[in-house]
Amino acid sequence: MRARATPLTAWLLVAAAAVVFAVLLSIAVGTRELSFPTVLDALFHFDAANPDHLVVRELRLPRTLAGLLAGIALGLSGAVIQGATRNPLADPGLLGVNSGAALFVVLGIGTFGISSVGGYVWFGFAGAAVAGGVVYGISSLGRAGATPVKLALAGAAVSAALASVTSALLLTDTTTFDQYRFWQVGSLTGRDAATIAGAVPFIVAGVVLTVVAARMLNALALGEDVARSLGQNIVLARAVCALAVIVLCGAATAIAGPIAFVGLTVPHVARMLTGPDHRWLLPFSALLAPLLLLLSDVVGRVVARPAEVQVGIITALLGAPVFVALVRRKKPVAV
């Protein structure tokens with residue numbers, strides 16, 4: 001452990017430095033070209049009458065913070081769900097979290113007239129929590145409890161059912177569909193300080209839960225029988241992991257929409273450096289995921305100027321080949 005700690009700490013510092021670079025790049029680069037001194041003035045000598053300063057302070061800074069928070073949440077939730085289910089292809093969508101958040105956002109738009117991202121946060125989080133609870137409740141039925149296979153099957157069934165209800169609601173309400181489709185594609189644009197502030201407590205709570213879950217995940221990775229022989233409470237461990245995933249993924253989905261593949265691919269990249277030890281895997285996932293999300297968002301701003309490509313489309317283009325490669329691997333990935 002000590003022999004590995006030094007190089008892993010060095011890699012962790014490199015990843016942290018890369019995230020800082022991505023944050024600066026996200027603030028400095030956009031469809032409107034601004035010089036670097038102008039960006040620095042906007043950050044440290046803000047002039048409310050200067051339109052360039054307003055672009056940096058009112059648009060790019062909240063967008064960057066949203067990407068940073070959503071990335072941390074997606075990376076951690078992906079690593080936790082893969083470890084808890086012992087399934088290398090698992091991502092937060094497996095537990096029906098994305099489908100639940102999407103359904104509740106549609107209900108919020110269609111029933112309560114919610115039109116702001118700040119309103120989506122609460123409906124998305126509630127939907128993620130309800131869907132995750134239903135999946136865990138269904139998979140807990142029976143003598144063996146919530147096994148990885150039962151979690152996956154229950155998650156797939158609930159996701160399909162919720163997606164069907166969402167589609168039915170959207171087909172009968174074109175106004176709701178017009179609003180929903182911009183959120184559904186996955187985007188960091190239009191996020192204000194209130195939206196970000198509302199999500200911060202949930203993401204902090206989720207990070208604390210993942211720290212608690214790290215040793216539990218290492219025990220679960222050895223198999224249920226070995227984990228029990230080591231004194232691990234399997235039900236408690238899975239409940240903590242499920243709660244962490246619901247809190248993190250619900251908040252991330254509400255901030256940025258259902259962004260795909262970040263929670264799936266980032267833990268695999270982190271695992272190449274750390275191996276299966278979640279005490280290292282979780283912090284690496286928490287750094288690499290916002291790095292991927294922020295860089296993808298910057299690419300989306302510049303590839304189609306003066307228009308933009310939403311970050312959810314960029315991450316899907318990057319993540320789909322990785323997913324196919326994982327499926328085609330002859331040797332299963334150890335989680």
# chains A, B, ... in the order shown; residues from 1 in each chain; ligands from 1
call {"tool": "residues_around", "arguments": {"residues": "Leu65 of chain A", "least_positions_apart": "4", "cutoff": "9 Å", "atoms": "only C-alpha atoms", "output": "PyMOL selection string"}}
result
chain A and resi 23+60-61+69-70+196
call {"tool": "closest_residue", "arguments": {"among": "A:Leu169, A:Met216, A:Leu222, A:Ala22", "to": "Val240 of chain A", "atoms": "only C-alpha atoms"}}
result
A:Met216
call {"tool": "residues_around", "arguments": {"residues": "Phe202 of chain A", "least_positions_apart": "3", "cutoff": "9 Å", "atoms": "only C-alpha atoms", "output": "ChimeraX atom specification"}}
result
/A:198-199,205-207,247-248,250-251
call {"tool": "closest_atom_pairs", "arguments": {"of": "segment 111-225 of chain A", "to": "segment 281-293 of chain A", "cutoff": "12 Å", "atoms": "only C-alpha atoms", "output": "tab-separated table"}}
result
residue	atom	partner	partner_atom	distance
A:Gly186	CA	A:Leu293	CA	11.0
A:Ser187	CA	A:Leu293	CA	10.3
A:Leu188	CA	A:Leu293	CA	9.6
A:Ile203	CA	A:Ala286	CA	11.5
A:Gly206	CA	A:Ala286	CA	11.6
A:Val207	CA	A:Ala286	CA	9.1
A:Val208	CA	A:Leu282	CA	11.5
A:Leu209	CA	A:Leu282	CA	11.4
A:Thr210	CA	A:Leu282	CA	7.7
A:Val211	CA	A:Leu282	CA	8.1
A:Val212	CA	A:Leu282	CA	11.2
A:Ala213	CA	A:Leu282	CA	9.9
A:Ala214	CA	A:Leu282	CA	7.6
A:Arg215	CA	A:Leu282	CA	10.9
A:Leu217	CA	A:Leu282	CA	10.4
A:Asn218	CA	A:Leu281	CA	10.5
call {"tool": "write_last_selection", "arguments": {"atoms": "N, CA, C and O atoms", "output": "mmCIF file, in the first residue's frame"}}
result
data_model
loop_
_atom_site.group_PDB
_atom_site.id
_atom_site.type_symbol
_atom_site.label_atom_id
_atom_site.label_comp_id
_atom_site.auth_asym_id
_atom_site.auth_seq_id
_atom_site.Cartn_x
_atom_site.Cartn_y
_atom_site.Cartn_z
ATOM 1 N N GLY A 186 -28.786 17.284 -22.333
ATOM 2 C CA GLY A 186 -27.624 17.401 -21.472
ATOM 3 C C GLY A 186 -26.835 18.647 -21.775
ATOM 4 O O GLY A 186 -26.175 18.750 -22.812
ATOM 5 N N SER A 187 -26.906 19.659 -20.919
ATOM 6 C CA SER A 187 -26.272 20.937 -21.211
ATOM 7 C C SER A 187 -25.866 21.631 -19.924
ATOM 8 O O SER A 187 -26.471 21.422 -18.870
ATOM 9 N N LEU A 188 -24.822 22.487 -20.017
ATOM 10 C CA LEU A 188 -24.392 23.275 -18.867
ATOM 11 C C LEU A 188 -24.771 24.739 -19.025
ATOM 12 O O LEU A 188 -24.459 25.554 -18.161
ATOM 13 N N ILE A 203 -24.641 17.455 -3.219
ATOM 14 C CA ILE A 203 -23.388 16.874 -3.700
ATOM 15 C C ILE A 203 -22.407 16.701 -2.545
ATOM 16 O O ILE A 203 -21.694 15.685 -2.471
ATOM 17 N N GLY A 206 -23.470 13.660 -0.778
ATOM 18 C CA GLY A 206 -23.102 12.481 -1.554
ATOM 19 C C GLY A 206 -21.624 12.155 -1.449
ATOM 20 O O GLY A 206 -21.239 10.985 -1.373
ATOM 21 N N VAL A 207 -20.785 13.190 -1.446
ATOM 22 C CA VAL A 207 -19.334 12.963 -1.300
ATOM 23 C C VAL A 207 -19.026 12.339 0.059
ATOM 24 O O VAL A 207 -18.214 11.410 0.166
ATOM 25 N N VAL A 208 -19.683 12.832 1.103
ATOM 26 C CA VAL A 208 -19.475 12.260 2.450
ATOM 27 C C VAL A 208 -19.885 10.789 2.468
ATOM 28 O O VAL A 208 -19.179 9.933 3.035
ATOM 29 N N LEU A 209 -21.004 10.473 1.835
ATOM 30 C CA LEU A 209 -21.466 9.078 1.791
ATOM 31 C C LEU A 209 -20.476 8.185 1.043
ATOM 32 O O LEU A 209 -20.243 7.033 1.437
ATOM 33 N N THR A 210 -19.888 8.702 -0.046
ATOM 34 C CA THR A 210 -18.914 7.881 -0.788
ATOM 35 C C THR A 210 -17.657 7.640 0.041
ATOM 36 O O THR A 210 -17.043 6.575 -0.059
ATOM 37 N N VAL A 211 -17.253 8.624 0.830
ATOM 38 C CA VAL A 211 -16.092 8.420 1.715
ATOM 39 C C VAL A 211 -16.394 7.302 2.714
ATOM 40 O O VAL A 211 -15.553 6.425 2.973
ATOM 41 N N VAL A 212 -17.618 7.335 3.266
ATOM 42 C CA VAL A 212 -18.025 6.275 4.199
ATOM 43 C C VAL A 212 -18.064 4.916 3.489
ATOM 44 O O VAL A 212 -17.715 3.876 4.072
ATOM 45 N N ALA A 213 -18.478 4.941 2.210
ATOM 46 C CA ALA A 213 -18.685 3.685 1.482
ATOM 47 C C ALA A 213 -17.402 3.068 0.950
ATOM 48 O O ALA A 213 -17.412 1.906 0.518
ATOM 49 N N ALA A 214 -16.279 3.802 0.967
ATOM 50 C CA ALA A 214 -15.062 3.318 0.310
ATOM 51 C C ALA A 214 -14.623 1.950 0.839
ATOM 52 O O ALA A 214 -14.381 1.010 0.069
ATOM 53 N N ARG A 215 -14.502 1.814 2.166
ATOM 54 C CA ARG A 215 -14.065 0.529 2.726
ATOM 55 C C ARG A 215 -15.122 -0.550 2.512
ATOM 56 O O ARG A 215 -14.801 -1.726 2.314
ATOM 57 N N LEU A 217 -17.093 -0.791 -0.056
ATOM 58 C CA LEU A 217 -16.990 -1.228 -1.449
ATOM 59 C C LEU A 217 -15.831 -2.198 -1.626
ATOM 60 O O LEU A 217 -15.933 -3.168 -2.397
ATOM 61 N N ASN A 218 -14.725 -1.959 -0.937
ATOM 62 C CA ASN A 218 -13.596 -2.897 -1.015
ATOM 63 C C ASN A 218 -14.000 -4.266 -0.487
ATOM 64 O O ASN A 218 -13.601 -5.301 -1.037
#
call {"tool": "closest_residue", "arguments": {"among": "A:Ala160, A:Leu141, A:Val165, A:Ala252", "to": "Val121 of chain A", "atoms": "only C-alpha atoms"}}
result
A:Ala252
call {"tool": "closest_residue", "arguments": {"among": "A:Ala84, A:Leu264, A:Ala131, A:Ala48", "to": "Leu220 of chain A", "atoms": "only C-alpha atoms"}}
result
A:Ala84
call {"tool": "residues_around", "arguments": {"residues": "segment 295-302 of chain A", "least_positions_apart": "4", "cutoff": "7 Å", "atoms": "only C-alpha atoms", "output": "list of chain:residue names"}}
result
A:Ala22, A:Ser26, A:Val29, A:Gly30, A:Thr31, A:Leu291, A:Glu308, A:Val309, A:Gln310, A:Val311, A:Ile314, A:Thr315
call {"tool": "write_last_selection", "arguments": {"atoms": "N, CA and C atoms", "output": "short mmCIF file (atom, residue, chain, number, x, y, z; two decimals), in the first residue's frame"}}
result
data_model
loop_
_atom_site.label_atom_id
_atom_site.label_comp_id
_atom_site.auth_asym_id
_atom_site.auth_seq_id
_atom_site.Cartn_x
_atom_site.Cartn_y
_atom_site.Cartn_z
N ALA A 22 -8.50 22.94 -16.81
CA ALA A 22 -9.79 22.85 -17.50
C ALA A 22 -10.77 23.93 -17.02
N SER A 26 -12.32 26.69 -19.42
CA SER A 26 -13.77 26.83 -19.54
C SER A 26 -14.22 28.27 -19.34
N VAL A 29 -12.58 30.37 -22.71
CA VAL A 29 -12.92 30.03 -24.10
C VAL A 29 -14.43 29.93 -24.27
N GLY A 30 -14.94 30.51 -25.36
CA GLY A 30 -16.36 30.41 -25.64
C GLY A 30 -16.66 30.88 -27.04
N THR A 31 -17.92 30.95 -27.39
CA THR A 31 -18.29 31.39 -28.73
C THR A 31 -17.94 32.86 -28.95
N LEU A 291 -12.96 16.82 -15.26
CA LEU A 291 -11.99 17.15 -16.32
C LEU A 291 -12.59 16.81 -17.69
N GLU A 308 -23.41 26.25 -30.73
CA GLU A 308 -22.75 25.36 -29.79
C GLU A 308 -23.32 23.95 -29.92
N VAL A 309 -22.48 22.95 -29.62
CA VAL A 309 -22.93 21.57 -29.51
C VAL A 309 -23.02 21.26 -28.02
N GLN A 310 -24.17 20.77 -27.56
CA GLN A 310 -24.37 20.54 -26.13
C GLN A 310 -23.40 19.46 -25.61
N VAL A 311 -22.99 19.63 -24.37
CA VAL A 311 -21.96 18.76 -23.80
C VAL A 311 -22.41 17.29 -23.75
N ILE A 314 -21.36 15.65 -26.94
CA ILE A 314 -19.91 15.40 -27.01
C ILE A 314 -19.52 14.20 -26.16
N THR A 315 -20.05 14.13 -24.92
CA THR A 315 -19.69 12.99 -24.06
C THR A 315 -20.21 11.67 -24.62
#
call {"tool": "atom_distance", "arguments": {"atom1": "atom CA of Ser115 of chain A", "atom2": "atom CA of Ala101 of chain A"}}
result
15.3 Å
call {"tool": "closest_residue", "arguments": {"among": "A:Val303, A:Leu273, A:Ile114, A:Phe36", "to": "Ala10 of chain A", "atoms": "only C-alpha atoms"}}
result
A:Leu273
call {"tool": "residues_around", "arguments": {"residues": "segment 223-239 of chain A", "least_positions_apart": "5", "cutoff": "12 Å", "atoms": "only C-alpha atoms", "output": "PyMOL selection string"}}
result
chain A and resi 80-86+132-133+135-137+139-140+144-148+151+209-210+212-218+244-246+334-335
call {"tool": "closest_residue", "arguments": {"among": "A:Val106, A:Thr6, A:Val322, A:Trp11", "to": "Leu171 of chain A", "atoms": "only C-alpha atoms"}}
result
A:Val106
call {"tool": "atom_distance", "arguments": {"atom1": "atom CA of Thr172 of chain A", "atom2": "atom CA of Leu103 of chain A"}}
result
14.1 Å
call {"tool": "closest_residue", "arguments": {"among": "A:Ala221, A:Ile72, A:Asp173, A:Ser167", "to": "Gly275 of chain A", "atoms": "only C-alpha atoms"}}
result
A:Ala221
call {"tool": "atom_distance", "arguments": {"atom1": "atom CA of Leu243 of chain A", "atom2": "atom CA of Leu294 of chain A"}}
result
26.0 Å
call {"tool": "residues_around", "arguments": {"residues": "Ala320 of chain A", "least_positions_apart": "6", "cutoff": "12 Å", "atoms": "only C-alpha atoms", "output": "ChimeraX atom specification"}}
result
/A:260-262,264-265,312-314,326-327
